[in-house]
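Dropping final-v9.cif in here (mmCIF, C-alpha atoms):
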data_final
#
loop_
_atom_site.label_atom_id
_atom_site.label_comp_id
_atom_site.auth_asym_id
_atom_site.auth_seq_id
_atom_site.Cartn_x
_atom_site.Cartn_y
_atom_site.Cartn_z
CA MET A 1 23.33 -79.49 42.17
CA GLU A 2 24.65 -76.32 40.60
CA LYS A 3 28.26 -76.49 41.60
CA GLU A 4 30.97 -78.32 39.73
CA ILE A 5 31.94 -81.65 41.28
CA SER A 6 35.52 -82.73 40.77
CA GLN A 7 36.32 -85.70 38.56
CA ALA A 8 38.12 -87.35 41.47
CA VAL A 9 34.95 -87.29 43.58
CA ILE A 10 32.83 -88.52 40.70
CA ARG A 11 35.14 -91.44 40.06
CA ARG A 12 34.72 -92.54 43.68
CA MET A 13 30.92 -92.56 43.42
CA PRO A 14 30.53 -96.01 41.80
CA ARG A 15 32.32 -97.55 44.77
CA TYR A 16 29.93 -95.84 47.20
CA TYR A 17 27.07 -97.03 45.03
CA ARG A 18 28.35 -100.61 45.22
CA TYR A 19 28.74 -100.57 49.01
CA LEU A 20 25.38 -98.92 49.53
CA GLY A 21 23.76 -101.51 47.26
CA GLU A 22 25.27 -104.29 49.37
CA LEU A 23 24.01 -102.64 52.55
CA LEU A 24 20.53 -102.39 51.04
CA GLU A 25 20.62 -106.07 50.14
CA SER A 26 21.54 -106.83 53.74
CA GLY A 27 18.52 -104.84 54.93
CA ILE A 28 20.55 -102.04 56.52
CA GLU A 29 18.57 -98.79 56.45
CA ARG A 30 21.03 -96.27 57.83
CA ILE A 31 24.73 -95.98 58.40
CA SER A 32 27.07 -93.42 59.96
CA SER A 33 30.09 -92.06 58.11
CA ARG A 34 32.20 -93.81 60.75
CA GLU A 35 30.65 -97.22 60.04
CA LEU A 36 30.92 -96.67 56.29
CA SER A 37 34.52 -95.66 56.86
CA VAL A 38 35.37 -98.97 58.54
CA LEU A 39 33.63 -100.91 55.80
CA MET A 40 35.21 -99.05 52.88
CA HIS A 41 38.65 -98.38 54.36
CA VAL A 42 38.26 -94.67 53.66
CA THR A 43 38.41 -92.00 56.37
CA ALA A 44 35.08 -90.80 57.75
CA SER A 45 36.18 -87.28 56.93
CA GLN A 46 36.73 -88.21 53.28
CA ILE A 47 33.28 -89.80 53.15
CA ARG A 48 31.63 -86.71 54.63
CA GLN A 49 33.50 -84.46 52.22
CA ASP A 50 32.63 -86.61 49.22
CA LEU A 51 28.95 -86.94 50.06
CA ASN A 52 28.55 -83.29 51.03
CA ASN A 53 29.15 -82.51 47.37
CA PHE A 54 25.73 -83.90 46.69
CA GLY A 55 23.84 -81.99 49.31
CA GLY A 56 22.69 -82.81 52.80
CA PHE A 57 22.26 -86.55 52.77
CA GLY A 58 23.63 -87.07 56.25
CA GLN A 59 22.07 -85.92 59.51
CA THR A 60 24.01 -85.56 62.72
CA GLY A 61 23.19 -88.39 65.13
CA TYR A 62 21.35 -90.33 62.45
CA GLY A 63 23.87 -90.92 59.72
CA TYR A 64 22.96 -91.59 56.13
CA ASN A 65 19.73 -93.07 54.88
CA VAL A 66 21.12 -95.93 52.78
CA SER A 67 18.26 -96.22 50.33
CA PHE A 68 18.02 -92.47 49.72
CA LEU A 69 21.78 -92.10 49.25
CA HIS A 70 21.92 -95.14 46.93
CA ASP A 71 19.12 -93.64 44.85
CA GLU A 72 20.68 -90.19 44.72
CA ILE A 73 24.07 -91.50 43.66
CA GLY A 74 22.38 -93.73 41.09
CA ARG A 75 20.57 -90.71 39.71
CA ILE A 76 23.79 -88.70 39.56
CA LEU A 77 25.53 -91.56 37.73
CA GLY A 78 22.76 -91.70 35.15
CA LEU A 79 21.47 -95.09 36.30
CA LYS A 80 17.83 -94.10 36.36
CA ASN A 81 17.50 -94.56 32.62
CA VAL A 82 18.11 -97.83 30.84
CA ASN A 83 21.21 -97.74 28.66
CA ASP A 84 20.85 -100.10 25.70
CA ILE A 85 24.14 -101.77 24.86
CA ILE A 86 25.61 -103.69 21.96
CA VAL A 87 28.81 -105.73 22.16
CA VAL A 88 31.00 -105.71 19.07
CA GLY A 89 33.55 -108.52 19.17
CA VAL A 90 32.26 -111.76 20.71
CA GLY A 91 35.46 -113.57 21.70
CA ASN A 92 36.11 -114.66 25.28
CA LEU A 93 36.22 -111.09 26.49
CA GLY A 94 33.04 -110.09 24.65
CA ARG A 95 31.25 -113.11 26.11
CA ALA A 96 32.45 -112.27 29.60
CA ILE A 97 31.20 -108.71 29.18
CA ALA A 98 27.86 -109.90 27.77
CA ASN A 99 27.38 -112.16 30.81
CA TYR A 100 28.40 -109.34 33.07
CA ILE A 101 25.87 -106.91 31.58
CA ILE A 102 23.06 -109.48 31.72
CA ALA A 103 23.79 -110.21 35.37
CA GLY A 104 24.48 -106.62 36.37
CA ASP A 105 22.61 -103.42 37.14
CA GLU A 106 19.23 -103.05 35.45
CA ALA A 107 20.37 -99.65 34.19
CA PHE A 108 22.25 -101.54 31.48
CA SER A 109 20.48 -103.73 28.95
CA LEU A 110 22.22 -105.91 26.38
CA ILE A 111 20.32 -105.73 23.10
CA GLY A 112 22.75 -106.97 20.44
CA LEU A 113 25.95 -108.92 19.76
CA PHE A 114 28.07 -108.50 16.66
CA ASP A 115 31.20 -110.14 15.32
CA LEU A 116 33.35 -109.77 12.21
CA ASP A 117 33.53 -113.56 11.92
CA LYS A 118 30.65 -114.85 9.77
CA GLN A 119 31.12 -118.32 11.34
CA LYS A 120 29.74 -117.02 14.62
CA LYS A 121 26.52 -115.68 13.07
CA GLY A 122 23.44 -117.25 14.67
CA GLU A 123 25.28 -118.65 17.68
CA THR A 124 23.62 -117.38 20.85
CA VAL A 125 25.21 -115.92 23.97
CA CYS A 126 22.91 -115.27 26.94
CA GLY A 127 20.04 -116.07 24.60
CA ILE A 128 21.01 -113.33 22.15
CA PRO A 129 22.00 -114.36 18.61
CA ILE A 130 25.30 -113.08 17.27
CA MET A 131 24.95 -110.95 14.15
CA HIS A 132 27.57 -110.11 11.57
CA THR A 133 29.08 -106.64 11.72
CA ASP A 134 27.63 -105.81 8.29
CA GLU A 135 24.25 -105.78 10.07
CA LEU A 136 25.36 -102.98 12.39
CA LYS A 137 23.98 -100.20 10.23
CA ASP A 138 20.44 -101.59 9.99
CA PHE A 139 20.40 -102.40 13.68
CA CYS A 140 21.79 -99.11 14.94
CA THR A 141 19.68 -96.93 12.71
CA SER A 142 16.41 -98.73 13.54
CA ARG A 143 16.93 -99.28 17.30
CA LYS A 144 17.95 -97.09 20.22
CA VAL A 145 21.56 -98.00 20.96
CA ASP A 146 23.23 -95.97 23.70
CA ILE A 147 26.53 -97.74 24.29
CA ALA A 148 28.78 -99.90 22.13
CA VAL A 149 31.30 -102.20 23.78
CA LEU A 150 34.44 -102.54 21.67
CA SER A 151 35.86 -105.95 22.55
CA MET A 152 37.78 -106.67 19.37
CA PRO A 153 41.43 -106.53 18.28
CA LYS A 154 42.87 -103.04 18.18
CA GLU A 155 43.34 -103.15 14.39
CA ASN A 156 39.58 -103.00 13.78
CA ALA A 157 38.48 -100.86 16.68
CA PRO A 158 39.04 -97.35 15.24
CA SER A 159 37.14 -98.02 12.00
CA VAL A 160 34.27 -99.76 13.80
CA ALA A 161 34.08 -96.88 16.28
CA ALA A 162 34.00 -94.34 13.44
CA GLU A 163 31.19 -96.28 11.77
CA LEU A 164 29.18 -96.45 14.99
CA ILE A 165 29.67 -92.75 15.64
CA SER A 166 28.20 -92.07 12.21
CA TYR A 167 25.06 -93.99 13.34
CA GLY A 168 24.76 -91.68 16.33
CA ILE A 169 26.13 -93.84 19.14
CA LYS A 170 27.15 -91.61 22.01
CA GLY A 171 29.03 -93.92 24.35
CA PHE A 172 31.88 -96.40 23.95
CA TRP A 173 33.18 -98.89 26.47
CA ASN A 174 36.50 -99.59 24.87
CA PHE A 175 38.50 -102.73 25.67
CA ALA A 176 40.57 -102.62 22.47
CA HIS A 177 44.13 -101.71 23.16
CA VAL A 178 44.06 -98.43 21.27
CA ASP A 179 42.80 -94.92 21.92
CA ILE A 180 39.59 -94.07 20.08
CA ASP A 181 39.18 -90.57 18.69
CA THR A 182 35.69 -89.27 19.30
CA PRO A 183 34.02 -85.95 18.58
CA SER A 184 32.66 -83.78 21.36
CA GLY A 185 29.47 -85.21 22.81
CA VAL A 186 30.65 -88.81 22.48
CA ALA A 187 31.97 -90.41 25.68
CA VAL A 188 34.62 -93.10 25.87
CA GLU A 189 35.57 -95.16 28.88
CA ASN A 190 38.71 -97.19 28.32
CA VAL A 191 39.58 -100.44 30.05
CA HIS A 192 43.19 -100.88 28.96
CA LEU A 193 44.24 -104.16 30.55
CA SER A 194 47.93 -103.72 29.77
CA GLU A 195 48.04 -100.39 31.55
CA SER A 196 46.36 -101.87 34.59
CA LEU A 197 48.84 -104.76 34.67
CA MET A 198 51.78 -102.37 34.35
CA ASN A 199 50.45 -100.32 37.24
CA LEU A 200 50.42 -103.50 39.31
CA SER A 201 53.95 -104.30 38.24
CA TYR A 202 55.03 -100.82 39.28
CA GLU A 203 53.39 -101.12 42.69
CA MET A 204 55.17 -104.46 43.21
CA THR A 205 58.56 -102.92 42.62
CA GLY A 206 57.89 -100.83 45.72
CA GLY A 207 57.57 -97.64 43.75
CA GLY A 208 60.07 -98.32 41.00
CA VAL A 209 63.05 -96.71 42.69
CA MET B 1 65.63 -91.15 40.87
CA GLU B 2 65.55 -90.01 44.46
CA LYS B 3 62.54 -87.75 44.43
CA GLU B 4 58.97 -88.87 44.94
CA ILE B 5 56.96 -89.14 41.71
CA SER B 6 53.25 -88.48 41.99
CA GLN B 7 50.77 -91.31 41.52
CA ALA B 8 49.08 -89.32 38.78
CA VAL B 9 52.31 -89.21 36.76
CA ILE B 10 53.00 -92.89 37.36
CA ARG B 11 49.55 -93.86 36.17
CA ARG B 12 50.18 -92.06 32.91
CA MET B 13 53.42 -93.97 32.26
CA PRO B 14 51.89 -97.16 30.80
CA ARG B 15 50.26 -95.07 28.10
CA TYR B 16 53.59 -93.49 27.19
CA TYR B 17 55.09 -96.97 27.20
CA ARG B 18 52.44 -98.19 24.78
CA TYR B 19 52.90 -95.29 22.35
CA LEU B 20 56.69 -95.53 22.48
CA GLY B 21 56.45 -99.29 21.83
CA GLU B 22 54.33 -98.61 18.75
CA LEU B 23 56.83 -95.99 17.53
CA LEU B 24 59.65 -98.50 18.00
CA GLU B 25 57.74 -101.10 16.00
CA SER B 26 57.35 -98.53 13.24
CA GLY B 27 61.12 -97.96 13.24
CA ILE B 28 60.94 -94.41 14.58
CA GLU B 29 64.10 -93.59 16.55
CA ARG B 30 63.41 -90.16 17.94
CA ILE B 31 60.43 -87.92 18.52
CA SER B 32 59.86 -84.39 19.80
CA SER B 33 57.47 -83.60 22.62
CA ARG B 34 55.41 -81.73 20.04
CA GLU B 35 55.07 -84.76 17.76
CA LEU B 36 54.29 -87.02 20.72
CA SER B 37 51.73 -84.45 21.80
CA VAL B 38 49.88 -84.65 18.48
CA LEU B 39 49.95 -88.44 18.57
CA MET B 40 48.79 -88.80 22.17
CA HIS B 41 46.39 -85.84 22.37
CA VAL B 42 48.24 -84.51 25.41
CA THR B 43 49.88 -81.07 25.55
CA ALA B 44 53.62 -80.95 24.81
CA SER B 45 54.06 -79.15 28.09
CA GLN B 46 52.39 -82.00 29.97
CA ILE B 47 54.66 -84.49 28.22
CA ARG B 48 57.79 -82.53 29.11
CA GLN B 49 56.67 -82.18 32.71
CA ASP B 50 55.82 -85.87 33.00
CA LEU B 51 59.04 -87.11 31.45
CA ASN B 52 61.22 -84.63 33.33
CA ASN B 53 60.29 -86.55 36.45
CA PHE B 54 62.49 -89.33 35.22
CA GLY B 55 65.54 -87.25 34.44
CA GLY B 56 66.88 -85.70 31.28
CA PHE B 57 65.61 -87.96 28.54
CA GLY B 58 64.92 -85.17 26.12
CA GLN B 59 67.47 -82.93 24.45
CA THR B 60 66.63 -79.56 22.93
CA GLY B 61 66.59 -79.72 19.15
CA TYR B 62 66.76 -83.50 19.17
CA GLY B 63 63.73 -84.62 21.09
CA TYR B 64 63.45 -87.97 22.81
CA ASN B 65 65.34 -91.12 21.92
CA VAL B 66 62.41 -93.51 21.57
CA SER B 67 64.24 -96.71 22.43
CA PHE B 68 66.00 -95.23 25.46
CA LEU B 69 62.80 -93.69 26.80
CA HIS B 70 60.84 -96.90 26.23
CA ASP B 71 63.51 -98.85 28.11
CA GLU B 72 63.65 -96.39 30.99
CA ILE B 73 59.89 -96.31 31.46
CA GLY B 74 59.84 -100.12 31.24
CA ARG B 75 62.47 -100.28 33.95
CA ILE B 76 60.53 -97.86 36.15
CA LEU B 77 57.36 -99.91 35.68
CA GLY B 78 59.18 -103.08 36.74
CA LEU B 79 59.01 -104.65 33.27
CA LYS B 80 62.65 -105.72 33.19
CA ASN B 81 61.94 -108.79 35.31
CA VAL B 82 59.57 -111.54 34.30
CA ASN B 83 56.45 -111.66 36.46
CA ASP B 84 55.08 -115.19 36.70
CA ILE B 85 51.31 -115.20 36.74
CA ILE B 86 48.55 -117.64 37.62
CA VAL B 87 44.91 -117.16 36.70
CA VAL B 88 42.36 -118.37 39.25
CA GLY B 89 38.91 -118.68 37.71
CA VAL B 90 38.88 -119.87 34.10
CA GLY B 91 35.51 -118.73 32.81
CA ASN B 92 35.19 -116.47 29.77
CA LEU B 93 36.96 -113.63 31.53
CA GLY B 94 39.79 -115.84 32.81
CA ARG B 95 40.29 -117.24 29.30
CA ALA B 96 40.34 -113.75 27.81
CA ILE B 97 42.95 -112.70 30.38
CA ALA B 98 45.02 -115.85 29.77
CA ASN B 99 45.06 -115.11 26.04
CA TYR B 100 45.90 -111.52 26.73
CA ILE B 101 48.88 -112.41 28.94
CA ILE B 102 50.20 -114.97 26.44
CA ALA B 103 50.01 -112.44 23.60
CA GLY B 104 51.23 -109.48 25.63
CA ASP B 105 54.45 -108.06 27.02
CA GLU B 106 57.21 -110.56 27.71
CA ALA B 107 57.49 -109.11 31.22
CA PHE B 108 54.43 -111.23 32.08
CA SER B 109 54.45 -114.99 31.84
CA LEU B 110 51.42 -117.23 32.37
CA ILE B 111 52.46 -120.32 34.30
CA GLY B 112 49.24 -121.77 35.73
CA LEU B 113 45.45 -121.88 35.46
CA PHE B 114 43.14 -122.92 38.29
CA ASP B 115 39.41 -123.34 38.65
CA LEU B 116 37.06 -124.37 41.43
CA ASP B 117 35.13 -126.54 38.98
CA LYS B 118 36.61 -130.06 38.90
CA GLN B 119 34.96 -130.60 35.49
CA LYS B 120 37.43 -128.21 33.92
CA LYS B 121 40.50 -130.01 35.25
CA GLY B 122 42.81 -131.11 32.44
CA GLU B 123 41.21 -128.90 29.79
CA THR B 124 43.89 -126.70 28.21
CA VAL B 125 43.81 -122.98 27.49
CA CYS B 126 46.72 -121.53 25.49
CA GLY B 127 48.40 -124.93 25.89
CA ILE B 128 48.25 -124.76 29.68
CA PRO B 129 46.18 -127.40 31.51
CA ILE B 130 43.61 -126.18 34.02
CA MET B 131 44.24 -127.42 37.56
CA HIS B 132 41.79 -127.61 40.43
CA THR B 133 42.07 -124.95 43.12
CA ASP B 134 42.98 -127.60 45.70
CA GLU B 135 46.30 -127.84 43.85
CA LEU B 136 47.08 -124.17 44.51
CA LYS B 137 49.07 -124.84 47.65
CA ASP B 138 51.47 -127.35 46.09
CA PHE B 139 51.92 -125.19 43.03
CA CYS B 140 52.45 -121.88 44.80
CA THR B 141 54.81 -123.24 47.42
CA SER B 142 57.00 -125.10 44.90
CA ARG B 143 57.10 -122.48 42.11
CA LYS B 144 57.80 -118.77 41.91
CA VAL B 145 54.41 -117.10 41.52
CA ASP B 146 54.44 -113.30 41.46
CA ILE B 147 50.91 -112.36 40.49
CA ALA B 148 47.54 -114.05 40.87
CA VAL B 149 44.66 -112.99 38.66
CA LEU B 150 41.34 -113.25 40.48
CA SER B 151 38.75 -113.82 37.75
CA MET B 152 36.11 -115.61 39.78
CA PRO B 153 32.76 -114.66 41.36
CA LYS B 154 33.05 -112.21 44.21
CA GLU B 155 31.83 -114.75 46.77
CA ASN B 156 35.01 -116.80 46.51
CA ALA B 157 37.56 -114.07 45.87
CA PRO B 158 38.33 -112.95 49.45
CA SER B 159 39.02 -116.48 50.75
CA VAL B 160 41.10 -117.43 47.70
CA ALA B 161 43.09 -114.21 48.04
CA ALA B 162 43.70 -114.88 51.74
CA GLU B 163 44.92 -118.38 50.91
CA LEU B 164 47.26 -117.09 48.20
CA ILE B 165 48.63 -114.40 50.50
CA SER B 166 49.50 -117.15 52.98
CA TYR B 167 51.59 -118.79 50.22
CA GLY B 168 53.52 -115.56 49.78
CA ILE B 169 51.94 -114.10 46.65
CA LYS B 170 52.67 -110.39 46.50
CA GLY B 171 50.47 -109.13 43.70
CA PHE B 172 46.81 -109.47 42.78
CA TRP B 173 45.10 -108.43 39.60
CA ASN B 174 41.54 -108.45 40.86
CA PHE B 175 38.56 -108.67 38.49
CA ALA B 176 36.16 -109.96 41.15
CA HIS B 177 33.60 -107.36 42.08
CA VAL B 178 34.76 -106.99 45.67
CA ASP B 179 37.57 -105.20 47.45
CA ILE B 180 40.35 -107.50 48.63
CA ASP B 181 42.00 -106.79 51.97
CA THR B 182 45.74 -107.22 51.78
CA PRO B 183 48.52 -106.70 54.28
CA SER B 184 51.26 -104.16 53.67
CA GLY B 185 53.70 -105.35 51.01
CA VAL B 186 50.98 -106.98 48.92
CA ALA B 187 49.79 -104.97 45.92
CA VAL B 188 46.30 -105.09 44.41
CA GLU B 189 45.18 -103.63 41.13
CA ASN B 190 41.42 -103.71 40.71
CA VAL B 191 39.58 -103.84 37.42
CA HIS B 192 36.02 -103.24 38.57
CA LEU B 193 33.96 -103.40 35.41
CA SER B 194 30.80 -102.06 37.01
CA GLU B 195 32.57 -98.94 38.20
CA SER B 196 34.00 -98.33 34.76
CA LEU B 197 30.56 -98.73 33.16
CA MET B 198 29.01 -96.36 35.70
CA ASN B 199 31.68 -93.78 34.93
CA LEU B 200 30.71 -94.04 31.29
CA SER B 201 27.05 -93.66 32.19
CA TYR B 202 27.91 -90.54 34.18
CA GLU B 203 29.89 -89.01 31.32
CA MET B 204 26.96 -89.64 28.99
CA THR B 205 24.57 -87.70 31.19
CA GLY B 206 26.71 -84.68 30.47
CA GLY B 207 27.99 -84.50 34.01
CA GLY B 208 24.98 -85.77 35.89
CA VAL B 209 23.43 -82.38 36.52
#
Structure translated into C-alpha cells:
Amino acid sequence: MEKEISQAVIRRMPRYYRYLGELLESGIERISSRELSVLMHVTASQIRQDLNNFGGFGQTGYGYNVSFLHDEIGRILGLKNVNDIIVVGVGNLGRAIANYIIAGDEAFSLIGLFDLDKQKKGETVCGIPIMHTDELKDFCTSRKVDIAVLSMPKENAPSVAAELISYGIKGFWNFAHVDIDTPSGVAVENVHLSESLMNLSYEMTGGGV
Amino acid sequence: MEKEISQAVIRRMPRYYRYLGELLESGIERISSRELSVLMHVTASQIRQDLNNFGGFGQTGYGYNVSFLHDEIGRILGLKNVNDIIVVGVGNLGRAIANYIIAGDEAFSLIGLFDLDKQKKGETVCGIPIMHTDELKDFCTSRKVDIAVLSMPKENAPSVAAELISYGIKGFWNFAHVDIDTPSGVAVENVHLSESLMNLSYEMTGGGV
C-alpha cells in the first residue's frame, strides 16, 4: 500500500464496494473480472487495472474473493471505523439525509440533528430530537463528531462551517450551494445539485455543439 | 465550436456558470482570469485554458465580459431551452428536489409529481398535486417531459425507468441507489449519496494508507 493511487481510481472504489456488497448479500463468494465486468458495464481490463492498485486480490482461474475484496476496499475507504455524523439543517433534504444515514452503512452513525429554526426544537427525526444550532458548541465539544452535513441555505453555510471547524470537525458533507473554505486537514465533499442537473442538461444536448 | 471538449472541462463548466451568475447578480460586468482565480480557488492558467475551449471570450487587458461568458456557458450547457421535469418518488428527498427545481434556474421547470403510494395522491408540493404512478403513461404521452427525477427506493427504480424510457423520456436524474441501464440517446446523471459519503470517508483517512 505504499504507492500513490490516482484520484480517478479512488473515486471508482465506492461503486465496486456497492456491487461487491450486493454480491455478498446474494451469497456469491467469488467472481471473475469478466463476470464483474458484465454486471458493472466496465471492461474486465479496467477492473483488473483498478483492483491491481490494491495488491493481489485476484487469482488466475479463481477470480476475486468477494468478501475479502469487499473488506479490503472498505478498509481503504475508511469504513472500518464508525464516523459519527451530525446534520445541520433539518428541512426536507436534511430529513432525507438523516434517513439515508440511519438506513445505510454501519460505518456512519447519526448522532445529532440541528436547525436554526427554534420551532423545530424537540421534534424528532428517526428518533433523534432536533436541537437548536446554539447548542452546537456544547454538543461538539463534549462528543466525538467526525462529520457535519451542511443541508441548509447557502447564506448560512459558510459561517456554520467556520464555527464547526473551530470545534475541531474534520469532515463536511456539503449540500449547500456554495463552496466552503476549509483549512488543510479538513475534508469537504460537495453535492452540488445544480451542477449535477446542468451536467445532465449538457449530456441531453448531445454534447452542446 | 467544432473541436471536441474534454469531459473534465465540461464538468467544470457548471461551477463557472454559478460564479458568473453570482457576479452578474452583484452587478459586476467584467472580470480578469486573475480575479476569477482568487474567487474560485483555481489557477488563472487553468481558467484561461478551460475558457479558451469555448473560443475567444477573454481579451487581454479587459478580461472576461461576465454577462457574455455566462450566456455562452449557459448555451453550451443546454440552459437556453426549458427542460420540463417530473419527480417520481415524493418522499423527503423528492420534496427537497421539487423545492430545489422550483427555486432554481429557469431552464428547469417542474411539471409533475408522482408517487407509488396512493395515500399521497392529491397532496400538493410547491402547488403541484401528487399523482399516482399509474398516471405516468397518460401524462408522459400527452405532455412534453424532458427529464424524470428518480427519487424512490432502488427496488422500483429500474422498472420505472424502463417504463419512462418507453414513453420517450430522454433524461434521468437518478438518486436511487442503483445503476439504471439506458439505451443510446438517453442520458443519466447519477447522484449516489453513498458513494459521495464514502469519498469523504476516504479523504478523512488521509488517503487510506
Checklist entry - How many Å lie between CA of Gly112 (chain A) and CA of Leu93 (chain B), rounded to one decimal? => result 19.2 Å
Next on the checklist: Show me, as a ChimeraX atom specification, the residues that have an atom within 9 Å of Ile10 (chain A) when counting all atoms listed in the file, minus same-chain residues fewer than 5 positions from it.
Outcome noted: /A:5,50,77 /B:199,202
Next on the checklist: Just want the 10 Å neighbourhood of Gly168 (chain A), counted on only C-alpha atoms, with same-chain residues fewer than 6 positions away dropped. Output as a list in words.
Outcome noted: Cys140, Thr141, Lys144, Val145, Asp146 and Val186 of chain A
Next on the checklist: Starting from the PyMOL selection byres ((chain A) within 7 of (chain B)), expand the selection into actual residues of this file and give them as number ranges by chain.
Outcome noted: A: 1, 11, 14-15, 76-78, 92-93, 95-96, 171, 187-189, 195-196, 198-205, 208-209
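Near Ser151 (chain B), within 8 Å and counting only C-alpha atoms, sit B:Val87, B:Val88, B:Gly89, B:Val90, B:Gly91, B:Leu93, B:Gly94, B:Asn174, B:Phe175, B:Ala176, not including residues fewer than 3 positions from it in the same chain.
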Checklist entry - Once the PyMOL selection byres ((chain B and resi 130-137) around 10) has been applied to the shown file, what residues remain in the selection, as an MDAnalysis selection string? => result chainID B and resid 86:90 112:125 127:129 138:142 160 163:164 166:167
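Counting from CA of Pro153 (chain B), the distance to CA of Leu110 (chain B) is 20.9 Å.
Going from CA of Ile28 (chain B) to CA of Val66 (chain B) covers 7.2 Å.
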Exercise: residues within 10 Å of coordinate (32.7, -90.4, 54.0), counting all atoms listed in the file, as a compact mmCIF listing (two decimals) with C-alpha atoms, in the frame of the given file:
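New file result_12.txt:
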# COMPACT_ATOMS: atom_id res chain seq x y z
CA TYR A 16 29.93 -95.84 47.20
CA SER A 32 27.07 -93.42 59.96
CA SER A 33 30.09 -92.06 58.11
CA ARG A 34 32.20 -93.81 60.75
CA GLU A 35 30.65 -97.22 60.04
CA LEU A 36 30.92 -96.67 56.29
CA SER A 37 34.52 -95.66 56.86
CA MET A 40 35.21 -99.05 52.88
CA HIS A 41 38.65 -98.38 54.36
CA VAL A 42 38.26 -94.67 53.66
CA THR A 43 38.41 -92.00 56.37
CA ALA A 44 35.08 -90.80 57.75
CA SER A 45 36.18 -87.28 56.93
CA GLN A 46 36.73 -88.21 53.28
CA ILE A 47 33.28 -89.80 53.15
CA ARG A 48 31.63 -86.71 54.63
CA GLN A 49 33.50 -84.46 52.22
CA ASP A 50 32.63 -86.61 49.22
CA LEU A 51 28.95 -86.94 50.06
CA ASN A 52 28.55 -83.29 51.03
CA GLY A 58 23.63 -87.07 56.25
For region 44-48 of chain B, take all atoms listed in the file, fit an axis-aligned box around them, add 4 Å to each of the six sides, then output centre and edge lengths in Å rounded to one decimal, as JSON.
{"center_x": 55.1, "center_y": -81.8, "center_z": 27.4, "size_x": 13.4, "size_y": 13.3, "size_z": 13.2}
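This file, queried with the PyMOL selection byres ((chain B and resi 65) around 7), gives the residues Glu29, Arg30, Ile31, Gly63, Tyr64, Val66, Ser67, Phe68 and Leu69 of chain B.
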